Structures are given as C-alpha cells and as structure tokens.
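Have a look at model-v9.cif below; it lists mmCIF, C-alpha atoms and all ligand atoms.
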data_work
loop_
_atom_site.label_atom_id
_atom_site.label_comp_id
_atom_site.auth_asym_id
_atom_site.auth_seq_id
_atom_site.Cartn_x
_atom_site.Cartn_y
_atom_site.Cartn_z
CA MET K 1 0.00 0.00 0.00
CA VAL K 2 1.52 3.34 -1.09
CA LYS K 3 2.13 5.98 1.57
CA ILE K 4 1.04 9.49 0.59
CA ILE K 5 3.49 11.80 2.35
CA ASP K 6 1.31 14.51 3.88
CA GLY K 7 3.34 17.72 3.60
CA LYS K 8 0.62 19.79 5.26
CA ALA K 9 0.52 17.58 8.36
CA LEU K 10 4.33 17.45 8.63
CA ALA K 11 4.53 21.23 8.15
CA LYS K 12 1.98 21.69 10.94
CA GLN K 13 4.13 19.58 13.29
CA GLU K 14 7.26 21.52 12.29
CA ASN K 15 5.49 24.87 12.76
CA GLU K 16 4.30 23.86 16.24
CA LYS K 17 7.92 23.13 17.21
CA THR K 18 8.98 26.46 15.70
CA ALA K 19 6.31 28.41 17.65
CA HIS K 20 7.55 26.77 20.86
CA ARG K 21 11.18 27.72 20.04
CA VAL K 22 10.09 31.31 19.30
CA GLU K 23 8.46 31.48 22.75
CA LYS K 24 11.66 30.25 24.41
CA LEU K 25 13.73 32.85 22.55
CA LYS K 26 11.31 35.60 23.53
CA GLN K 27 11.81 34.67 27.18
CA LYS K 28 15.50 35.44 26.57
CA GLY K 29 14.61 38.83 25.04
CA ILE K 30 15.07 37.83 21.37
CA VAL K 31 12.34 38.03 18.71
CA PRO K 32 13.44 36.15 15.56
CA GLY K 33 13.14 38.41 12.51
CA LEU K 34 12.69 37.57 8.81
CA ALA K 35 13.06 40.01 5.90
CA VAL K 36 11.79 39.11 2.42
CA ILE K 37 12.81 41.14 -0.64
CA LEU K 38 10.52 40.96 -3.65
CA ALA K 39 11.28 42.63 -7.00
CA GLY K 40 8.44 42.70 -9.49
CA GLU K 41 4.92 41.28 -9.51
CA ASP K 42 5.27 37.65 -10.55
CA PRO K 43 1.81 36.35 -9.47
CA ALA K 44 3.12 33.12 -7.90
CA SER K 45 5.88 34.99 -6.02
CA LEU K 46 3.31 37.43 -4.62
CA VAL K 47 1.39 34.44 -3.20
CA TYR K 48 4.51 32.74 -1.74
CA VAL K 49 5.81 35.97 -0.18
CA ARG K 50 2.41 36.72 1.36
CA ASN K 51 2.26 33.15 2.72
CA LYS K 52 5.74 33.52 4.21
CA GLN K 53 4.77 36.76 5.93
CA ARG K 54 1.48 35.35 7.27
CA LYS K 55 3.13 32.20 8.59
CA ALA K 56 5.95 34.19 10.22
CA GLU K 57 3.47 36.46 11.98
CA LYS K 58 1.37 33.48 13.10
CA LEU K 59 4.44 31.87 14.68
CA GLY K 60 5.46 35.07 16.47
CA ILE K 61 8.35 35.88 14.11
CA TYR K 62 8.93 39.58 13.33
CA SER K 63 8.44 39.93 9.58
CA ILE K 64 9.48 42.67 7.16
CA GLN K 65 8.66 42.75 3.46
CA LYS K 66 10.56 44.99 1.03
CA ASN K 67 8.60 45.21 -2.23
CA PHE K 68 10.03 46.88 -5.33
CA PRO K 69 8.73 47.41 -8.86
CA ALA K 70 10.13 45.16 -11.62
CA THR K 71 12.20 48.13 -12.83
CA VAL K 72 14.19 48.39 -9.58
CA ASP K 73 17.97 48.62 -10.11
CA GLN K 74 20.70 46.41 -8.63
CA ALA K 75 22.18 49.25 -6.53
CA THR K 76 18.86 49.87 -4.72
CA LEU K 77 18.55 46.20 -3.84
CA LEU K 78 22.18 46.04 -2.67
CA GLN K 79 21.60 49.07 -0.41
CA THR K 80 18.48 47.38 0.98
CA ILE K 81 20.42 44.20 1.73
CA GLU K 82 23.21 46.17 3.44
CA ALA K 83 20.66 47.96 5.66
CA LEU K 84 19.05 44.62 6.59
CA ASN K 85 22.50 43.10 7.28
CA ASP K 86 23.01 45.90 9.83
CA ASP K 87 19.54 45.65 11.38
CA PRO K 88 19.77 43.71 14.69
CA LYS K 89 16.03 42.92 14.57
CA VAL K 90 16.55 40.87 11.37
CA HIS K 91 18.04 37.36 11.65
CA GLY K 92 17.11 36.03 8.20
CA ILE K 93 17.11 37.76 4.79
CA LEU K 94 15.98 36.31 1.46
CA VAL K 95 15.52 37.53 -2.09
CA GLN K 96 12.47 35.91 -3.68
CA GLU K 97 13.16 34.04 -6.96
CA PRO K 98 12.63 34.45 -9.88
CA LEU K 99 14.01 37.96 -10.31
CA PRO K 100 13.46 40.29 -13.29
CA LYS K 101 16.04 39.46 -16.00
CA HIS K 102 18.14 42.64 -15.65
CA LEU K 103 19.06 41.85 -12.03
CA ASN K 104 22.06 39.79 -10.95
CA GLY K 105 20.61 37.39 -8.38
CA GLN K 106 23.94 35.75 -7.53
CA ALA K 107 25.47 39.12 -6.63
CA LEU K 108 22.46 39.95 -4.45
CA VAL K 109 22.67 36.65 -2.58
CA ALA K 110 26.43 37.10 -2.14
CA ALA K 111 25.76 40.51 -0.52
CA ILE K 112 23.63 38.94 2.24
CA ASP K 113 25.50 38.41 5.51
CA PRO K 114 26.12 34.60 5.43
CA GLN K 115 24.87 34.43 9.04
CA LYS K 116 21.54 35.92 7.90
CA ASP K 117 21.28 33.84 4.69
CA VAL K 118 18.00 32.13 5.58
CA ASP K 119 17.67 30.55 2.09
CA GLY K 120 21.12 28.92 2.40
CA PHE K 121 22.06 30.14 -1.11
CA HIS K 122 25.15 32.20 -0.13
CA PRO K 123 28.34 30.68 -1.71
CA LEU K 124 29.96 30.36 1.73
CA ASN K 125 27.05 28.29 3.07
CA VAL K 126 26.80 26.24 -0.13
CA GLY K 127 30.55 25.55 0.18
CA LYS K 128 30.17 24.44 3.80
CA LEU K 129 27.35 22.09 2.79
CA TYR K 130 29.37 20.56 -0.07
CA ASN K 131 32.39 20.17 2.19
CA HIS K 132 30.15 18.53 4.80
CA LEU K 133 31.66 20.84 7.41
CA PRO K 134 30.60 20.43 11.01
CA GLY K 135 28.88 23.36 12.75
CA ASN K 136 25.83 25.48 12.12
CA TYR K 137 24.94 26.94 8.74
CA PRO K 138 21.71 27.36 6.78
CA VAL K 139 20.74 25.09 3.88
CA ALA K 140 18.20 25.59 1.09
CA CYS K 141 14.66 25.30 2.48
CA THR K 142 13.07 22.97 -0.09
CA PRO K 143 15.77 20.26 0.23
CA ARG K 144 15.71 20.72 4.00
CA GLY K 145 11.96 20.09 3.96
CA ILE K 146 12.43 17.02 1.77
CA ILE K 147 14.92 15.58 4.28
CA THR K 148 12.30 16.07 7.03
CA MET K 149 9.81 14.18 4.85
CA LEU K 150 12.26 11.33 4.16
CA ASP K 151 13.19 11.15 7.85
CA SER K 152 9.48 10.78 8.65
CA LEU K 153 9.55 7.59 6.53
CA ASN K 154 12.73 6.39 8.29
CA PHE K 155 14.24 6.35 4.80
CA ASN K 156 17.52 4.43 4.77
CA TYR K 157 19.94 6.83 3.04
CA VAL K 158 23.06 4.68 3.34
CA GLY K 159 23.72 3.07 -0.01
CA ALA K 160 20.38 4.18 -1.45
CA LYS K 161 20.43 4.90 -5.19
CA VAL K 162 18.96 8.35 -5.81
CA ALA K 163 18.06 10.05 -9.10
CA ILE K 164 17.59 13.84 -8.98
CA VAL K 165 16.02 15.31 -12.09
CA GLY K 166 16.89 19.03 -12.24
CA ARG K 167 20.13 20.73 -11.18
CA SER K 168 19.04 24.12 -9.83
CA ILE K 169 20.76 25.91 -6.95
CA LEU K 170 17.35 26.11 -5.22
CA VAL K 171 16.65 22.37 -5.20
CA GLY K 172 18.74 19.85 -7.17
CA ARG K 173 22.26 20.82 -6.14
CA PRO K 174 21.72 21.29 -2.39
CA MET K 175 19.55 18.16 -2.38
CA GLN K 176 22.46 16.24 -3.90
CA ALA K 177 24.83 17.52 -1.19
CA LEU K 178 22.43 16.71 1.67
CA LEU K 179 22.00 13.16 0.35
CA ILE K 180 25.71 12.55 -0.37
CA ASN K 181 26.39 13.73 3.20
CA ARG K 182 24.03 10.94 4.35
CA ASP K 183 25.96 8.35 2.29
CA ALA K 184 23.44 7.96 -0.51
CA THR K 185 24.66 7.38 -4.09
CA VAL K 186 23.26 10.27 -6.09
CA THR K 187 22.99 10.70 -9.86
CA MET K 188 22.09 14.15 -11.21
CA ILE K 189 20.03 14.26 -14.39
CA GLY K 190 20.16 17.29 -16.70
CA ARG K 191 19.15 17.95 -20.29
CA GLN K 192 22.37 16.40 -21.67
CA THR K 193 22.33 13.25 -19.51
CA PRO K 194 22.43 10.11 -21.69
CA ASP K 195 19.61 7.62 -21.03
CA PRO K 196 17.95 9.32 -18.03
CA ALA K 197 15.17 6.71 -18.11
CA ALA K 198 17.64 3.93 -17.19
CA ILE K 199 19.00 5.96 -14.25
CA ILE K 200 15.52 6.76 -12.95
CA LYS K 201 14.30 3.16 -13.32
CA ASP K 202 17.22 1.94 -11.17
CA ALA K 203 16.66 4.48 -8.35
CA ASP K 204 15.31 3.76 -4.84
CA LEU K 205 14.48 7.45 -4.50
CA VAL K 206 13.48 9.78 -7.35
CA ILE K 207 13.33 13.55 -6.79
CA VAL K 208 11.82 15.49 -9.67
CA ALA K 209 12.24 19.25 -10.14
CA THR K 210 11.92 19.80 -13.89
CA GLY K 211 9.02 22.25 -14.19
CA LYS K 212 7.40 19.87 -16.72
CA ALA K 213 3.90 18.72 -15.80
CA ASN K 214 3.49 14.92 -15.69
CA PHE K 215 7.16 14.37 -16.63
CA LEU K 216 7.43 11.20 -14.50
CA THR K 217 5.13 8.32 -15.47
CA ALA K 218 4.58 4.90 -13.90
CA SER K 219 6.67 2.92 -16.40
CA MET K 220 9.74 5.05 -15.51
CA VAL K 221 9.70 4.13 -11.80
CA LYS K 222 11.12 1.06 -10.04
CA PRO K 223 8.37 -0.69 -8.06
CA GLY K 224 8.69 0.30 -4.38
CA ALA K 225 10.70 3.49 -5.03
CA VAL K 226 10.06 6.68 -3.04
CA VAL K 227 9.01 9.59 -5.28
CA ILE K 228 9.31 13.26 -4.30
CA ASP K 229 7.61 15.82 -6.56
CA VAL K 230 9.01 19.37 -6.37
CA GLY K 231 7.10 20.64 -9.43
CA ILE K 232 4.41 23.30 -9.36
CA ASN K 233 2.70 23.69 -12.74
CA ARG K 234 -0.66 25.11 -13.76
CA THR K 235 -2.70 23.26 -16.40
CA PRO K 236 -4.53 25.37 -19.04
CA GLU K 237 -7.66 24.81 -16.88
CA GLY K 238 -5.84 26.41 -13.93
CA LYS K 239 -5.34 23.18 -11.93
CA LEU K 240 -2.14 22.88 -9.89
CA VAL K 241 -0.10 19.77 -10.81
CA GLY K 242 3.42 18.55 -10.11
CA ASP K 243 6.12 17.05 -12.35
CA VAL K 244 4.89 13.55 -11.50
CA ASN K 245 1.82 11.86 -12.93
CA PHE K 246 0.51 11.24 -9.41
CA GLU K 247 -2.39 8.91 -10.28
CA GLN K 248 -0.12 6.63 -12.32
CA VAL K 249 3.00 6.67 -10.15
CA LYS K 250 1.22 6.12 -6.83
CA ALA K 251 0.33 2.63 -8.11
CA VAL K 252 4.06 1.75 -8.37
CA ALA K 253 5.81 3.77 -5.63
CA SER K 254 6.08 2.82 -1.94
CA ALA K 255 5.71 6.48 -0.92
CA ILE K 256 4.94 9.66 -2.87
CA THR K 257 4.37 13.37 -2.26
CA PRO K 258 1.22 15.01 -3.66
CA VAL K 259 0.98 18.43 -5.34
CA PRO K 260 -0.43 20.53 -3.79
CA GLY K 261 0.11 19.61 -0.14
CA GLY K 262 3.54 17.97 -0.39
CA VAL K 263 6.91 19.69 -0.70
CA GLY K 264 5.46 23.25 -0.91
CA PRO K 265 4.17 23.56 2.67
CA MET K 266 7.41 21.98 3.94
CA THR K 267 9.46 24.67 2.16
CA ILE K 268 7.69 27.38 4.15
CA ALA K 269 7.87 25.40 7.42
CA SER K 270 11.63 24.90 6.89
CA LEU K 271 12.06 28.62 6.21
CA MET K 272 10.37 29.41 9.52
CA SER K 273 12.44 26.93 11.53
CA GLN K 274 15.63 28.11 9.81
CA THR K 275 14.82 31.73 10.75
CA VAL K 276 14.67 30.57 14.37
CA ASP K 277 17.93 28.60 13.91
CA LEU K 278 19.66 31.80 12.76
CA ALA K 279 18.31 33.74 15.75
CA GLU K 280 19.47 30.98 18.14
CA TRP K 281 22.92 30.82 16.51
CA SER K 282 23.31 34.61 16.71
CA LEU K 283 22.60 34.38 20.45
CA GLU K 284 25.21 31.60 20.82
CA ASN K 285 27.76 33.64 18.81
CA ALA K 286 27.07 36.72 20.97
CA LYS K 287 27.84 34.65 24.09
CA GLY K 288 31.16 33.71 22.42
N1 LIG W 301 14.20 32.88 -2.46
C1 LIG W 301 13.48 31.79 -2.79
N2 LIG W 301 12.74 31.81 -3.90
C2 LIG W 301 12.01 30.70 -4.21
C3 LIG W 301 12.01 29.56 -3.37
C4 LIG W 301 12.83 29.57 -2.22
O1 LIG W 301 12.94 28.57 -1.46
N3 LIG W 301 13.54 30.72 -1.95
N4 LIG W 301 11.17 28.47 -3.67
C5 LIG W 301 10.15 28.61 -4.68
C6 LIG W 301 8.87 29.26 -4.24
N5 LIG W 301 8.44 28.99 -2.86
C7 LIG W 301 9.04 29.67 -1.87
O2 LIG W 301 9.64 30.71 -2.01
C8 LIG W 301 7.30 28.17 -2.59
C9 LIG W 301 6.63 27.52 -3.58
C10 LIG W 301 5.46 26.79 -3.29
C11 LIG W 301 4.97 26.72 -2.01
C12 LIG W 301 3.70 26.01 -1.68
O3 LIG W 301 3.32 25.99 -0.52
N6 LIG W 301 2.98 25.48 -2.65
C13 LIG W 301 1.67 24.91 -2.43
C14 LIG W 301 0.74 25.39 -3.54
C15 LIG W 301 0.60 26.88 -3.52
C16 LIG W 301 -0.21 27.41 -4.72
O4 LIG W 301 -1.41 27.33 -4.65
O5 LIG W 301 0.42 27.92 -5.66
C17 LIG W 301 1.75 23.39 -2.43
O6 LIG W 301 2.63 22.85 -3.11
O7 LIG W 301 0.93 22.79 -1.75
C18 LIG W 301 5.67 27.35 -1.01
C19 LIG W 301 6.82 28.07 -1.30
C20 LIG W 301 10.67 29.48 -5.82
N7 LIG W 301 11.24 30.69 -5.34
#

Please go through the file and, once you have read it, give me the structure as structure tokens.
Amino acid sequence: MVKIIDGKALAKQENEKTAHRVEKLKQKGIVPGLAVILAGEDPASLVYVRNKQRKAEKLGIYSIQKNFPATVDQATLLQTIEALNDDPKVHGILVQEPLPKHLNGQALVAAIDPQKDVDGFHPLNVGKLYNHLPGNYPVACTPRGIITMLDSLNFNYVGAKVAIVGRSILVGRPMQALLINRDATVTMIGRQTPDPAAIIKDADLVIVATGKANFLTASMVKPGAVVIDVGINRTPEGKLVGDVNFEQVKAVASAITPVPGGVGPMTIASLMSQTVDLAEWSLENAKG
C-alpha cells in the first residue's frame, strides 16, 4: 500500500515546534526576525511571499517585506540588503526568486551576511554544505523540507540509489549535497544526460524538479521506489499539478508526495524553523 506523504501535516508539526522555540527565545529577550525582498509582480511569487509573511506572523516571528517594482535597479537592492544586514532585529534575509532578468541574483545573494542567509544560497554556506563541514549553517529550504519528509519515513539513506532530475541551486544541487552527506549514491540528471530513463528506473528514491507537468510516469519508476515531486505547474484549466503523474506513479511507488500539499508547505515550514535557527545561533555567537 503506497504511503502518501502529507506535507501539510508534517509542516503543521514543524510549525508547532517552531512556535515553541520562538516562545523560548522571547523569554531570553530575542524576537526572531525575517526580511523578504521581492522585486516585481510575478503572481506566484506574490502568493509565496504573502504566505511567508502570514506564517511568520502566526508563529510570532517579526516579519518585514521589502517590495520593489520590476524596474528596480541592482544598486537599490544592494543598499536594501546592506541595511538589513546591519539591522539587529533581522536574523534572516531572502531575495524571492525568480528575479526580473536585468538583475544579478547571484550578486544579491552574495551581498547577504552569510549568518543571515535564511535561504542557504550564499556561496559560503553552499561551500560548507558541499564540504560537509561540522557546525551550524543554513541550507536551502526545499531540500531541508524534503529531508524532514524522508526522515518521517525512516528512509535508509546509506547506499540508497537516488536520481535527482533538475540541477538548480534552489533544489537539485543542495539536495544532492544533503543526500551525499548521508551516504546515498546520487545521480544528477540534466538535459544532456544520456539515457535518463535507465538511471531513474534503477533508483530507490526519485526527486523530480523539472518544471514539466506529468514528466514522470509509472513505467519510468522502479516498483517500491520513493518519489518526491518538487514541481508546481498550472494546467490550461488552472489546476495545480506537479512534475509527477501522481495517479499513475502512486500505483508503483512505496511512498509519494502530492501536489499541492507535499513539498510546498514543507518549504515554508523549513524557512520558519531556519529563521529561528539563525536567531538561536546569533545568540550563541554573541555569548562567544
Ligand atoms: N528565495 C526563494 N525563492 C524561491 C524559493 C525559495 O525557497 N527561496 N522556492 C520557490 C517558491 N516557494 C518559496 O519561495 C514556494 C513555492 C510553493 C509553495 C507552496 O506551498 N505550494 C503549495 C501550492 C501553492 C499554490 O497554490 O500555488 C503546495 O505545493 O501545496 C511554497 C513556497 C521558488 N522561489
């Protein structure tokens, strides 16, 4: 019997833990703070940013939103990041993706204080993750949420064969690092990968982040594999679907995430808990 991994229920559990940690920090005189920078009016981004702000406020996290028109210039955003880096009320800063084409997102992320890099995209934090360094540093929120989901299944990482379809800095690459660090054997699939179907069919865990609706079908999946769908696509009728043909693949997989209600809610829950991590770590660093 396939297990449907309930991202909403897991996110609720995670958020309850986060609210409790916020209370404990407040007793020590610290209110965790999150700043979200949004450039432009991408409709999906407006929804995600509003959801982040609402969830932060619900959990007792201080939340700031910096909204700019799509025509905003790089210098204005860099000044905004510098001011937030210097603001002691802010523990986490993120720049919502995607950005308007004229902006250099990598330079913006690199300008964020690595200790406030709540998305875990700063090159220093990415480097720490890839080096599997000990100590505290943030990691990308979607992969972090996926690890929480896999942990909830007691997934056995050691020696597991994993196929990741999609190599973005938001999902595929940090996911690869988190899994390698847990001793899984990970194969990355991109557009130029020869015979991706053979790699996917051999995998115990398939993570799909292609942005192509219904990319993964039942015949591509090894019976009993775990399938994680990171895709968010709208059909012409306006229905939200993932990159996995859920109805087909659930008949073959041992566990699968739905869309909606899978990875998405866990991304936001991970962002909230990572904001609290950053606030806790800043307190530890201040103690020396
Ligand atoms: N700076 C960042 N930009 C983006 C990230 C990110 O982690 N950091 N991830 C995505 C967007 N995203 C968060 O920012 C995100 C996407 C989807 C969801 C979600 O809860 N999805 C729901 C469906 C919501 C809907 O109706 O559209 C679900 O899957 O159930 C949360 C966060 C790209 N940009």

Practice problem: Around ligand LIG 301 (chain W), at most 6 Å away and counting all atoms listed in the file, which residues are there? Put them as an MDAnalysis selection string, please. | Solution: chainID K and resid 48 94:97 119 141:142 259:265 267:268

Quiz item: So, counting all atoms listed in the file, which residue among K:Gly231, K:Gly166, K:Pro174, K:Pro88 is closest to Gly127 (chain K)?
Solution: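 Under the stated criterion, the closest residue is K:Pro174.
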
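Here CA of Gly288 (chain K) is placed at a distance of 14.2 Å from CA of Asn136 (chain K).
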
Quiz prompt | Interatomic distance (Å, one decimal) between CA of Lys89 (chain K) and CA of Glu14 (chain K) | solution =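 That distance, rounded to one decimal, is 23.2 Å.
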
Quiz prompt | region 21-32 of chain K environment, 8 Å, only C-alpha atoms, sequence neighbours closer than 3 positions dropped, as a PyMOL selection string | solution = chain K and resi 17-18+59-62+89-91+275-276+279-280

Exercise. Kindly give the distance, in Å, that separates CA of Ala269 (chain K) and CA of Asn104 (chain K), rounded to a single decimal.
Key: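 If I compute the distance from CA of Ala269 (chain K) to CA of Asn104 (chain K), I get 27.3 Å.
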
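Proximity ranking of K:Phe155, K:Tyr130, K:Phe121, K:Tyr137 relative to Ile169 (chain K) places K:Phe121 first, based on only C-alpha atoms.
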
Quiz item: In terms of the shortest atom-to-atom distance over all atoms listed in the file, which of K:Lys101, K:Leu271, K:Asn85, K:Glu237 is closest to Asn51 (chain K)?
Solution: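 Among the listed residues, the smallest separation from Asn51 (chain K) belongs to K:Leu271.
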
Quiz item: For Phe215 (chain K), which of K:Ile147, K:Val162, K:Ala197, K:Ala203 is the closest residue, counting only C-alpha atoms?
Solution: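 Among the listed residues, K:Ala197 lies closest to Phe215 (chain K).
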
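With distances restricted to all atoms listed in the file, K:Leu34 is the closest residue to Arg54 (chain K) from K:Leu99, K:Pro69, K:Leu34, K:Gln79.
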
Quiz prompt | Contact residues around Ala75 (chain K) with all atoms listed in the file at 12 Å, ignoring same-chain residues under 3 positions, as a list in words | solution = Thr71, Val72, Leu78, Gln79, Thr80, Ile81, Glu82, His102, Leu103, Asn104, Ala107, Leu108 and Ala111 of chain K

Quiz item: Got a sec: who's within 9 Å of Ile199 (chain K), counting all atoms listed in the file, leaving out chain neighbours fewer than 3 positions off, as a list in words?
Solution: Val162, Ala163, Thr187, Ile189, Asp195, Pro196, Asp202 and Ala203 of chain K

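Minimum distance to Leu170 (chain K) across K:Leu133, K:Leu205, K:Val230, K:Ala225 (counting all atoms listed in the file) occurs at K:Val230.
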